[in-house]
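A.B. asks: Quick one: the structure is below, questions incoming.
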Amino acid sequence: MTEAVHHPSVLIPRESAPAAPAPVTSRARVGVFELRWGNDAPASLVVPSSTHSGRPGVGLVEVFTSTEQRARTSQAYWRSAVGERLRVQGSQVIAEPDAVRAVVVQSDAVSGIEVRTTVTAPTGTSTARIESEIRNAGREAVVIAAISSATIGFGRSARDLDEMVWGSAASEWLAEDRWSEVPLRTLLPDISLALHAQDARGHAGLTSHGGWSSGEHVPCGYVSRADGETLAWQIETSAGWRADLCQARDGGVLSLLGPTDLEHQWAHELLPGEAFTAVPVVLAVAPKSPGGPGSPGGPASRGGPGSPGDALGELTRYRRWLRGAAGAQHLPVVYNDFMNTLMGQPTTDELLPLVRRAAEAGVEVFCIDAGWFADPAIGDWWSTVGEWREAPARFPDGGLRRVIDAIRDAGMAPGLWLEPEVVGVDSPAASRLPDEAFFQRFGQRVQEDRRYHLDFRHPAARAHLDATVDHLVEEFGIRYLKLDYNINPGAGTEHHATTAGDGLLAHTRAFRDWLVRVQERHPSLRLENCSSGAMRADYALLAVTHLQSTSDQQDFRLYPPIAASAPASILPEQCGNWAYPARDMSAEETAFTLVTGLSGRLYLSGFLDELRPDQRARIAEAVALHKDLRDSLTTALPFWPLGLPAWDDEALCLGLRTADADLLFVWDRDAAPAAFTIPGVAGETEVLFPADGAGWGLDAGPGGLEVSTPAGIGARVLRVTRG
């Protein structure tokens, strides 16, 4: 009696089955990474020089469909049925001036799904950008329920996980970028997998919800080993995403995904011949650090043995490559009238004194924030937005043009606040635009806090905003737009989409394309990616915009941990850190808020016309220093000699490593006199700001720079020239 075994398309009697061909391993090198595959296995991503990052046998791309989920039961986004069957049909390595690209095409003979993956390694970085196109090469429609943009193994055994930490950043309005580490075993407990002769079935990780891509968690993080080897990641989408962790008998697995069916109500139907592009993701690796804890090249975060600083530095290099020529553009000093100042109620009488004082301080862009479009008699204008035309009653005797002309006459470029994706329920635009131009669920418009959400896939939505921007640029000469995003619309829109999450992702991609086209029409226009602080700070958008407001936090004492941590996920030259001096601040408090601004892109606010002369002089000093330092921001790499700060830390330090020196931004939030050591800092130290700052002791010690401060909060900008 013969026994039969099931193959994808035919039953073959075992006694007559041909001998299985010997496995053949093929390789394609791309930067520090390598693609490997065999005739019996899908392509996987490894790092040949590492025993931490990348493990052969872990398929790079996983595809889950509505009818086929996993090949082996679990909750993790690993070992999908389709992914296990993918086999490489062809590959190519392309060398370009700024990167090496490897393209590999895989197919599944059962479902007809074809996956074309491009792995790009930018020159001069230890990173790889992974992009995949999923094509239905079969004869029947396929509904994709989830795609792992990249799946990669880490470690070589279960024991390796005992010495690893998981680093991630929680986020919240007014409390963004709160980085922390937890032992990996806290998330993936040791459950004696070897004894059970199976891999685990559980998982852990991070998930976004709705349209605030960084509203709960920053879309990047890392896995770090005790000796400092680190695997860092970044997901580039303004829609849903998930970073998923699981464990196998031979180590851990990290899957990076865009939106999914289970978490984001996402699915996408592919008819025969149709294709879908998965969300791009980036991986960065750093070898074990030769430096000790706290050194600029050594461990950079608290709470564990990891060394993410070098890997986060690689992501910094990658982000500059991604932005390309946009990163070389002029970095103007911006004043905005909102924070702790006019708070969305600008008028001619309030603005003109601020314009004069901002110009005296050396500001280059004066941005009028929200409210310029609203009649002052309305009071709460939240539900009326969407027309984006000036309110004559708010600007008597010359209208908004009078203020714009005053800004220009003072030598500054004019800017305005805009929230392009929303229309208030009481706005005339709400009735003028068709229902199809808005997000819809179950046949009705989606409403969030008295606002509708536009769908930028619809030509009427784009035309409405094109006319708005063209009018502002051509009629008023606007050169800067602060683009806000203050509502989270939920799962998305079902109109012309397989699911609501599918509609949300399609909208965010259409919005990004709109931003690109706007700048093609108006190349002198600069765009700020404000999103209710930093609730949508992702590199789908930051790749095509110029500045990211890092927070809406109005308490200057609470801002430093946000500003110090932001360069872990945002380029230093894009970190718009607010500084808002007030008349009732002491000299040290004034310097404190200005140091916060100087630690990235100085973003000024406050009633400059009410300040004391010594405060105005201090602002002018800060602006002049920022102009001296800003070019170095575009090449600086961040590091954290005291560790990525905890929310309630009293001593905080952000380092920016330039070609010949380290810039240190140091805050002391202890009301009592304090003494602490900044480890790993060696070299000639000078105080850059405030120039006449006294009272801080700065002495070279065996463990680094020894700092002593008097009672009360304070902050300094230091430059340490390396020997």
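Going by the structure tokens order, chains are called A, B, ..., each with residues numbered from 1, while ligands are numbered from 1 in the order shown.
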Mind checking which residues fall within 8 Å of region 521-527 of chain A, counting only C-alpha atoms, ignoring those fewer than 6 positions away in the same chain, and posting them as an mmCIF file with C-alpha atoms, in the first residue's frame?
C.D. replies:
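Heads up, here's the output in out.cif:
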```
data_model
loop_
_atom_site.group_PDB
_atom_site.id
_atom_site.type_symbol
_atom_site.label_atom_id
_atom_site.label_comp_id
_atom_site.auth_asym_id
_atom_site.auth_seq_id
_atom_site.Cartn_x
_atom_site.Cartn_y
_atom_site.Cartn_z
ATOM 1 C CA VAL A 473 0.531 82.383 -1.692
ATOM 2 C CA ILE A 478 2.576 83.595 2.242
ATOM 3 C CA ARG A 479 5.881 81.721 2.454
ATOM 4 C CA TYR A 480 5.227 79.460 5.451
ATOM 5 C CA LEU A 481 2.255 77.277 6.365
ATOM 6 C CA LYS A 482 1.784 75.638 9.741
ATOM 7 C CA LEU A 483 -0.329 72.597 8.856
ATOM 8 C CA THR A 545 7.814 68.771 5.040
ATOM 9 C CA HIS A 546 10.345 71.023 6.737
ATOM 10 C CA LEU A 547 9.575 71.361 10.432
#
```
A.B. asks: Got a sec: who's within 8 Å of Pro259 (chain A), counting only C-alpha atoms, leaving out chain neighbours fewer than 6 positions off, as a PyMOL selection string?
C.D. replies: chain A and resi 146+239-242+265-266+501+505
A.B. asks: Have a look at CA of Arg669 (chain A) and CA of Gly697 (chain A) and let me know their distance in Å, one decimal.
C.D. replies: 15.9 Å
A.B. asks: Give me the residues within 12 Å of Ala429 (chain A) as a PyMOL selection string, counting only C-alpha atoms and dropping any in the same chain fewer than 3 places off.
C.D. replies: chain A and resi 383-389+422-426+432-435+437-438+451-454+460-461+464-465+468
A.B. asks: Write the selection just made, keeping C-alpha atoms, as a PDB file, in the first residue's frame?
C.D. replies:
```
ATOM      1  CA  SER A 383     -16.803  74.151  14.210  1.00  0.00           C
ATOM      2  CA  THR A 384     -16.600  76.910  11.583  1.00  0.00           C
ATOM      3  CA  VAL A 385     -13.227  76.165  10.011  1.00  0.00           C
ATOM      4  CA  GLY A 386     -12.911  75.225   6.374  1.00  0.00           C
ATOM      5  CA  GLU A 387     -13.358  78.371   4.297  1.00  0.00           C
ATOM      6  CA  TRP A 388      -9.851  79.728   4.931  1.00  0.00           C
ATOM      7  CA  ARG A 389     -10.588  83.325   4.046  1.00  0.00           C
ATOM      8  CA  VAL A 422     -10.921  69.277   8.302  1.00  0.00           C
ATOM      9  CA  VAL A 423     -14.133  71.185   7.670  1.00  0.00           C
ATOM     10  CA  GLY A 424     -16.270  72.310  10.601  1.00  0.00           C
ATOM     11  CA  VAL A 425     -19.907  71.238  10.656  1.00  0.00           C
ATOM     12  CA  ASP A 426     -20.908  74.938  10.662  1.00  0.00           C
ATOM     13  CA  ARG A 432     -20.831  73.059  -0.602  1.00  0.00           C
ATOM     14  CA  LEU A 433     -18.578  70.008  -0.918  1.00  0.00           C
ATOM     15  CA  PRO A 434     -20.135  66.635  -1.852  1.00  0.00           C
ATOM     16  CA  ASP A 435     -20.464  63.814   0.658  1.00  0.00           C
ATOM     17  CA  ALA A 437     -15.252  64.349  -0.504  1.00  0.00           C
ATOM     18  CA  PHE A 438     -15.458  63.412   3.194  1.00  0.00           C
ATOM     19  CA  ARG A 451     -15.717  68.495  12.397  1.00  0.00           C
ATOM     20  CA  TYR A 452     -15.781  66.450   9.211  1.00  0.00           C
ATOM     21  CA  HIS A 453     -12.658  64.904   7.727  1.00  0.00           C
ATOM     22  CA  LEU A 454     -11.828  65.497   4.059  1.00  0.00           C
ATOM     23  CA  ALA A 460     -13.243  68.262  -4.920  1.00  0.00           C
ATOM     24  CA  ALA A 461     -11.311  68.025  -1.648  1.00  0.00           C
ATOM     25  CA  HIS A 464     -10.757  73.167  -2.403  1.00  0.00           C
ATOM     26  CA  LEU A 465      -7.342  73.181  -0.731  1.00  0.00           C
ATOM     27  CA  THR A 468      -6.896  77.953  -0.686  1.00  0.00           C
TER      28      THR A 468
END
```
A.B. asks: If you run DSSP on the backbone, which residues of region 147-208 of chain A are strand (DSSP E or B), as a list of chain:residue names?
C.D. replies: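 Strand (DSSP E or B) assignments inside region 147-208 of chain A correspond to A:Ile147, A:Ser148, A:Ser149, A:Ala150, A:Thr151, A:Ile152, A:Gly153, A:Phe154, A:Met164, A:Val165, A:Trp166, A:Gly167, A:Ser168, A:Ala169, A:Ala170, A:Arg178, A:Trp179, A:Ser180, A:Glu181, A:Val182, A:Pro183, A:Ala204, A:Gly205, A:Leu206, A:Thr207.
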A.B. asks: Within region 242-486 of chain A, find each residue whose DSSP state, derived from the backbone, is helix (DSSP H, G or I), and express the selection as a short mmCIF file (atom, residue, chain, number, x, y, z; two decimals) with N, CA and C atoms, in the first residue's frame.
C.D. replies:
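Result file is out-v1.cif:
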```cif
data_model
loop_
_atom_site.label_atom_id
_atom_site.label_comp_id
_atom_site.auth_asym_id
_atom_site.auth_seq_id
_atom_site.Cartn_x
_atom_site.Cartn_y
_atom_site.Cartn_z
N ASP A 261 -5.97 43.95 9.51
CA ASP A 261 -7.40 43.68 9.70
C ASP A 261 -7.76 43.68 11.18
N LEU A 262 -6.98 42.96 11.98
CA LEU A 262 -7.32 42.77 13.39
C LEU A 262 -7.21 44.05 14.19
N GLU A 263 -6.16 44.83 13.96
CA GLU A 263 -5.94 46.03 14.77
C GLU A 263 -6.52 47.30 14.18
N HIS A 264 -6.67 47.39 12.86
CA HIS A 264 -7.01 48.68 12.24
C HIS A 264 -8.20 48.62 11.28
N PRO A 308 21.29 51.92 22.32
CA PRO A 308 20.56 52.31 21.12
C PRO A 308 21.11 53.55 20.45
N GLY A 309 21.97 54.32 21.13
CA GLY A 309 22.40 55.60 20.59
C GLY A 309 23.00 55.50 19.20
N ASP A 310 23.87 54.50 18.98
CA ASP A 310 24.49 54.35 17.67
C ASP A 310 23.47 53.98 16.61
N ALA A 311 22.54 53.09 16.94
CA ALA A 311 21.52 52.69 15.97
C ALA A 311 20.58 53.85 15.66
N LEU A 312 20.23 54.64 16.68
CA LEU A 312 19.40 55.81 16.43
C LEU A 312 20.15 56.83 15.59
N GLY A 313 21.48 56.88 15.78
CA GLY A 313 22.28 57.74 14.91
C GLY A 313 22.24 57.27 13.46
N GLU A 314 22.22 55.96 13.24
CA GLU A 314 22.09 55.45 11.88
C GLU A 314 20.74 55.83 11.28
N LEU A 315 19.68 55.78 12.09
CA LEU A 315 18.38 56.24 11.59
C LEU A 315 18.42 57.73 11.26
N THR A 316 19.19 58.52 12.02
CA THR A 316 19.35 59.94 11.72
C THR A 316 19.98 60.11 10.35
N ARG A 317 21.05 59.36 10.08
CA ARG A 317 21.69 59.44 8.76
C ARG A 317 20.70 59.04 7.66
N TYR A 318 19.96 57.97 7.92
CA TYR A 318 18.99 57.52 6.93
C TYR A 318 17.95 58.59 6.64
N ARG A 319 17.41 59.24 7.68
CA ARG A 319 16.36 60.24 7.48
C ARG A 319 16.86 61.39 6.61
N ARG A 320 18.13 61.74 6.75
CA ARG A 320 18.69 62.80 5.90
C ARG A 320 18.77 62.32 4.45
N TRP A 321 19.15 61.07 4.27
CA TRP A 321 19.17 60.51 2.91
C TRP A 321 17.76 60.53 2.33
N LEU A 322 16.77 60.15 3.11
CA LEU A 322 15.39 60.09 2.64
C LEU A 322 14.90 61.46 2.20
N ARG A 323 15.24 62.49 2.94
CA ARG A 323 14.76 63.83 2.61
C ARG A 323 15.50 64.42 1.41
N GLY A 324 16.71 63.98 1.17
CA GLY A 324 17.45 64.43 0.00
C GLY A 324 17.70 65.92 0.00
N ALA A 325 17.45 66.55 -1.14
CA ALA A 325 17.76 67.97 -1.30
C ALA A 325 16.97 68.85 -0.35
N ALA A 326 15.79 68.38 0.09
CA ALA A 326 14.98 69.19 1.01
C ALA A 326 15.72 69.47 2.30
N GLY A 327 16.61 68.57 2.69
CA GLY A 327 17.34 68.76 3.94
C GLY A 327 18.40 69.83 3.87
N ALA A 328 18.77 70.25 2.65
CA ALA A 328 19.80 71.27 2.50
C ALA A 328 19.22 72.68 2.41
N PHE A 338 1.04 81.76 18.76
CA PHE A 338 0.07 80.95 19.50
C PHE A 338 0.47 80.67 20.95
N MET A 339 1.57 79.96 21.14
CA MET A 339 1.87 79.33 22.42
C MET A 339 2.01 80.35 23.55
N ASN A 340 1.15 80.24 24.54
CA ASN A 340 1.16 81.14 25.70
C ASN A 340 1.03 82.61 25.28
N THR A 341 0.46 82.84 24.12
CA THR A 341 0.37 84.22 23.62
C THR A 341 -1.06 84.48 23.16
N LEU A 342 -1.33 84.59 21.89
CA LEU A 342 -2.67 84.95 21.44
C LEU A 342 -3.62 83.76 21.42
N THR A 348 -5.21 92.75 14.66
CA THR A 348 -4.20 93.69 14.18
C THR A 348 -3.48 94.35 15.35
N ASP A 349 -4.23 94.83 16.33
CA ASP A 349 -3.62 95.53 17.45
C ASP A 349 -2.68 94.64 18.26
N GLU A 350 -3.02 93.35 18.36
CA GLU A 350 -2.17 92.44 19.12
C GLU A 350 -0.93 92.04 18.32
N LEU A 351 -1.08 91.92 17.01
CA LEU A 351 -0.01 91.39 16.19
C LEU A 351 1.09 92.41 15.89
N LEU A 352 0.73 93.64 15.61
CA LEU A 352 1.73 94.60 15.15
C LEU A 352 2.87 94.80 16.15
N PRO A 353 2.62 94.92 17.46
CA PRO A 353 3.76 95.04 18.39
C PRO A 353 4.63 93.78 18.41
N LEU A 354 4.01 92.61 18.24
CA LEU A 354 4.78 91.38 18.21
C LEU A 354 5.65 91.31 16.96
N VAL A 355 5.12 91.80 15.83
CA VAL A 355 5.88 91.83 14.59
C VAL A 355 7.14 92.67 14.78
N ARG A 356 6.98 93.84 15.39
CA ARG A 356 8.13 94.74 15.57
C ARG A 356 9.19 94.10 16.46
N ARG A 357 8.77 93.50 17.58
CA ARG A 357 9.73 92.90 18.51
C ARG A 357 10.37 91.64 17.94
N ALA A 358 9.62 90.87 17.18
CA ALA A 358 10.19 89.68 16.56
C ALA A 358 11.28 90.05 15.57
N ALA A 359 11.03 91.09 14.79
CA ALA A 359 12.04 91.54 13.83
C ALA A 359 13.29 92.04 14.55
N GLU A 360 13.11 92.76 15.65
CA GLU A 360 14.25 93.24 16.41
C GLU A 360 15.09 92.10 16.96
N ALA A 361 14.45 90.98 17.26
CA ALA A 361 15.16 89.82 17.81
C ALA A 361 15.90 89.03 16.73
N PRO A 376 -14.36 87.57 15.21
CA PRO A 376 -14.20 87.58 16.67
C PRO A 376 -15.52 87.44 17.43
N ALA A 377 -16.63 87.82 16.78
CA ALA A 377 -17.92 87.71 17.46
C ALA A 377 -18.34 86.26 17.68
N ILE A 378 -17.75 85.35 16.91
CA ILE A 378 -18.12 83.93 17.04
C ILE A 378 -17.66 83.36 18.37
N TRP A 382 -14.19 76.72 16.50
CA TRP A 382 -13.77 75.36 16.20
C TRP A 382 -14.60 74.69 15.10
N SER A 383 -15.92 74.85 15.15
CA SER A 383 -16.80 74.15 14.21
C SER A 383 -17.05 74.93 12.93
N THR A 384 -16.36 76.07 12.76
CA THR A 384 -16.60 76.91 11.58
C THR A 384 -15.46 76.86 10.58
N PRO A 392 -12.67 89.87 8.05
CA PRO A 392 -12.44 91.33 8.02
C PRO A 392 -12.59 91.99 9.39
N ALA A 393 -13.55 91.51 10.19
CA ALA A 393 -13.77 92.15 11.49
C ALA A 393 -12.59 91.97 12.43
N ARG A 394 -11.78 90.95 12.19
CA ARG A 394 -10.62 90.71 13.04
C ARG A 394 -9.46 91.63 12.69
N GLY A 399 -7.23 95.27 6.86
CA GLY A 399 -7.39 93.83 6.75
C GLY A 399 -6.13 93.05 7.06
N LEU A 400 -6.17 91.77 6.76
CA LEU A 400 -5.02 90.92 7.01
C LEU A 400 -3.81 91.39 6.21
N ARG A 401 -4.05 91.98 5.05
CA ARG A 401 -2.93 92.43 4.22
C ARG A 401 -2.08 93.46 4.96
N ARG A 402 -2.70 94.28 5.77
CA ARG A 402 -1.93 95.28 6.52
C ARG A 402 -0.90 94.60 7.43
N VAL A 403 -1.32 93.53 8.10
CA VAL A 403 -0.40 92.82 8.98
C VAL A 403 0.66 92.10 8.16
N ILE A 404 0.25 91.47 7.07
CA ILE A 404 1.21 90.77 6.21
C ILE A 404 2.25 91.76 5.67
N ASP A 405 1.80 92.93 5.25
CA ASP A 405 2.74 93.93 4.74
C ASP A 405 3.69 94.39 5.84
N ALA A 406 3.19 94.49 7.08
CA ALA A 406 4.06 94.89 8.19
C ALA A 406 5.12 93.83 8.44
N ILE A 407 4.75 92.58 8.32
CA ILE A 407 5.71 91.49 8.49
C ILE A 407 6.79 91.58 7.42
N ARG A 408 6.36 91.78 6.19
CA ARG A 408 7.31 91.84 5.10
C ARG A 408 8.18 93.08 5.20
N ASP A 409 7.58 94.21 5.56
CA ASP A 409 8.36 95.45 5.70
C ASP A 409 9.40 95.35 6.81
N PRO A 428 -19.54 76.90 5.72
CA PRO A 428 -20.22 76.81 4.42
C PRO A 428 -19.65 75.72 3.53
N ALA A 429 -18.35 75.41 3.70
CA ALA A 429 -17.74 74.36 2.87
C ALA A 429 -18.34 73.00 3.16
N ALA A 430 -18.90 72.82 4.34
CA ALA A 430 -19.49 71.52 4.70
C ALA A 430 -20.68 71.19 3.82
N SER A 431 -21.43 72.19 3.43
CA SER A 431 -22.59 71.95 2.57
C SER A 431 -22.24 72.10 1.09
N ARG A 432 -21.20 72.84 0.79
CA ARG A 432 -20.83 73.06 -0.60
C ARG A 432 -20.13 71.85 -1.21
N ASP A 435 -20.72 64.81 -0.38
CA ASP A 435 -20.46 63.81 0.66
C ASP A 435 -19.26 62.95 0.33
N GLU A 436 -19.05 62.68 -0.95
CA GLU A 436 -17.96 61.80 -1.37
C GLU A 436 -16.58 62.40 -1.09
N ALA A 437 -16.53 63.70 -0.80
CA ALA A 437 -15.25 64.35 -0.50
C ALA A 437 -14.86 64.22 0.96
N PRO A 459 -11.31 64.60 -5.96
CA PRO A 459 -10.84 65.83 -6.62
C PRO A 459 -11.42 67.09 -6.02
N ALA A 460 -12.65 67.05 -5.50
CA ALA A 460 -13.24 68.26 -4.92
C ALA A 460 -12.50 68.67 -3.65
N ALA A 461 -12.07 67.70 -2.86
CA ALA A 461 -11.31 68.02 -1.65
C ALA A 461 -9.98 68.66 -2.02
N ARG A 462 -9.28 68.08 -2.97
CA ARG A 462 -7.99 68.64 -3.38
C ARG A 462 -8.16 70.01 -4.02
N ALA A 463 -9.17 70.16 -4.85
CA ALA A 463 -9.39 71.44 -5.51
C ALA A 463 -9.67 72.54 -4.49
N HIS A 464 -10.44 72.21 -3.45
CA HIS A 464 -10.76 73.17 -2.40
C HIS A 464 -9.49 73.67 -1.73
N LEU A 465 -8.57 72.77 -1.41
CA LEU A 465 -7.34 73.18 -0.73
C LEU A 465 -6.32 73.76 -1.69
N ASP A 466 -6.31 73.30 -2.93
CA ASP A 466 -5.44 73.92 -3.92
C ASP A 466 -5.80 75.40 -4.09
N ALA A 467 -7.09 75.68 -4.19
CA ALA A 467 -7.53 77.07 -4.33
C ALA A 467 -7.15 77.88 -3.10
N THR A 468 -7.25 77.26 -1.93
CA THR A 468 -6.90 77.95 -0.69
C THR A 468 -5.42 78.33 -0.67
N VAL A 469 -4.56 77.35 -0.92
CA VAL A 469 -3.12 77.61 -0.85
C VAL A 469 -2.70 78.58 -1.95
N ASP A 470 -3.20 78.38 -3.15
CA ASP A 470 -2.84 79.29 -4.25
C ASP A 470 -3.24 80.72 -3.92
N HIS A 471 -4.41 80.90 -3.33
CA HIS A 471 -4.88 82.23 -2.95
C HIS A 471 -3.95 82.85 -1.90
N LEU A 472 -3.60 82.09 -0.90
CA LEU A 472 -2.76 82.63 0.18
C LEU A 472 -1.36 82.98 -0.32
N VAL A 473 -0.82 82.14 -1.19
CA VAL A 473 0.53 82.38 -1.69
C VAL A 473 0.54 83.53 -2.70
N GLU A 474 -0.42 83.52 -3.61
CA GLU A 474 -0.39 84.50 -4.69
C GLU A 474 -0.95 85.86 -4.29
N GLU A 475 -1.96 85.88 -3.42
CA GLU A 475 -2.57 87.14 -3.03
C GLU A 475 -1.88 87.79 -1.83
N PHE A 476 -1.39 86.99 -0.90
CA PHE A 476 -0.79 87.53 0.32
C PHE A 476 0.72 87.31 0.39
#
```
A.B. asks: Which is closest to Leu35 (chain A) among A:Thr237, A:Thr117, A:Gln440, A:Ser213, if we use only C-alpha atoms?
C.D. replies: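 That would be A:Thr117, the residue with the smallest distance to Leu35 (chain A).
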A.B. asks: What's the 12 Å shell around Thr277 (chain A), counting only C-alpha atoms, without same-chain residues fewer than 3 positions away, as a list in words?
C.D. replies: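 Listed by chain and then number, they are Glu114, Val115, Arg116, Thr117, Thr118, Ile130, Glu131, Ser132, Glu133, Ile134, Arg135, Asn136, Ile144, Ala146, Ile147, Ser148, Ser149, Thr237, Gly258, His268, Leu270, Glu274, Pro280, Val281, Leu505, Ala506 and Arg509 of chain A.
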A.B. asks: Would you mind exporting the chosen residues as a PDB file, in the first residue's frame, restricted to C-alpha atoms?
C.D. replies:
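This is the output file again21.pdb:
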```pdb
ATOM      1  CA  GLU A 114       3.634  37.735  -6.284  1.00  0.00           C
ATOM      2  CA  VAL A 115       5.792  39.927  -4.032  1.00  0.00           C
ATOM      3  CA  ARG A 116       8.394  42.307  -5.435  1.00  0.00           C
ATOM      4  CA  THR A 117      10.627  43.572  -2.614  1.00  0.00           C
ATOM      5  CA  THR A 118      13.205  46.336  -2.888  1.00  0.00           C
ATOM      6  CA  ILE A 130      12.290  47.735   2.685  1.00  0.00           C
ATOM      7  CA  GLU A 131       9.430  48.275   0.242  1.00  0.00           C
ATOM      8  CA  SER A 132       7.215  45.554  -1.202  1.00  0.00           C
ATOM      9  CA  GLU A 133       4.621  45.470  -3.950  1.00  0.00           C
ATOM     10  CA  ILE A 134       2.016  42.705  -3.658  1.00  0.00           C
ATOM     11  CA  ARG A 135       0.505  41.642  -6.994  1.00  0.00           C
ATOM     12  CA  ASN A 136      -2.318  39.248  -7.695  1.00  0.00           C
ATOM     13  CA  ILE A 144      -5.127  40.916   1.746  1.00  0.00           C
ATOM     14  CA  ALA A 146      -2.148  42.090   6.655  1.00  0.00           C
ATOM     15  CA  ILE A 147       1.351  42.427   5.221  1.00  0.00           C
ATOM     16  CA  SER A 148       4.553  42.421   7.195  1.00  0.00           C
ATOM     17  CA  SER A 149       6.630  45.058   5.472  1.00  0.00           C
ATOM     18  CA  THR A 237       3.016  55.718   7.440  1.00  0.00           C
ATOM     19  CA  GLY A 258       1.294  48.908   8.248  1.00  0.00           C
ATOM     20  CA  HIS A 268      -7.489  45.407   0.587  1.00  0.00           C
ATOM     21  CA  LEU A 270      -6.789  42.696  -5.230  1.00  0.00           C
ATOM     22  CA  GLU A 274      -3.886  44.447  -9.496  1.00  0.00           C
ATOM     23  CA  PRO A 280       7.818  51.209   3.785  1.00  0.00           C
ATOM     24  CA  VAL A 281       9.905  50.378   6.842  1.00  0.00           C
ATOM     25  CA  LEU A 505      -4.268  54.600   4.319  1.00  0.00           C
ATOM     26  CA  ALA A 506      -5.287  55.668   0.815  1.00  0.00           C
ATOM     27  CA  ARG A 509      -1.024  58.672   0.736  1.00  0.00           C
TER      28      ARG A 509
END
```
A.B. asks: Between A:Leu629, A:Ala500, A:Val93, A:Val30, single out the one closest to Leu663 (chain A), counting only C-alpha atoms.
C.D. replies: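 For Leu663 (chain A), the nearest of the given residues is A:Leu629.
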A.B. asks: For each of A:Val720, A:Ala170, A:Ala121, A:Leu187, take the minimum atom-to-atom distance to Ser208 (chain A), counting only C-alpha atoms, then give the residue where this is smallest.
C.D. replies: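 Ranked by minimum distance to Ser208 (chain A), first place goes to A:Ala170.
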A.B. asks: Got a sec: who's within 9 Å of Leu604 (chain A), counting only C-alpha atoms, leaving out chain neighbours fewer than 5 positions off, as a list of chain:residue names?
C.D. replies: A:Val333, A:Val334, A:Tyr335, A:Asn336, A:Asp337, A:Met339, A:Ala358, A:Val363, A:Asn577, A:Trp578, A:Ala579, A:Tyr580, A:Pro581, A:Leu594, A:Gly597, A:Ile619
A.B. asks: Taking 2 positions as the minimum chain separation for residues in the same chain, which residues sit within 12 Å of Asp513 (chain A) when counting only C-alpha atoms? Answer as a PyMOL selection string.
C.D. replies: chain A and resi 456-457+462+506-511+515-520+540-541+543-545
A.B. asks: Neighbours of Leu60 (chain A) within 9 Å (only C-alpha atoms; same-chain residues fewer than 5 positions away dropped), as a ChimeraX atom specification?
C.D. replies: /A:35,42-45,83,148-152,255
A.B. asks: Print the selection's residues with C-alpha atoms to a file, as a PDB file, in the first residue's frame.
C.D. replies:
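Done, and the output landed in part27.pdb:
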```
ATOM      1  CA  LEU A  35      19.221  38.664   1.421  1.00  0.00           C
ATOM      2  CA  PRO A  42      11.552  32.221   1.099  1.00  0.00           C
ATOM      3  CA  ALA A  43      13.984  35.128   1.219  1.00  0.00           C
ATOM      4  CA  SER A  44      15.198  36.229   4.623  1.00  0.00           C
ATOM      5  CA  LEU A  45      17.218  39.268   5.755  1.00  0.00           C
ATOM      6  CA  GLY A  83       4.701  33.678   3.323  1.00  0.00           C
ATOM      7  CA  SER A 148       4.553  42.421   7.195  1.00  0.00           C
ATOM      8  CA  SER A 149       6.630  45.058   5.472  1.00  0.00           C
ATOM      9  CA  ALA A 150       9.644  43.424   7.095  1.00  0.00           C
ATOM     10  CA  THR A 151      10.052  40.416   9.348  1.00  0.00           C
ATOM     11  CA  ILE A 152      13.487  39.734  10.800  1.00  0.00           C
ATOM     12  CA  SER A 255       7.557  42.007  12.348  1.00  0.00           C
TER      13      SER A 255
END
```
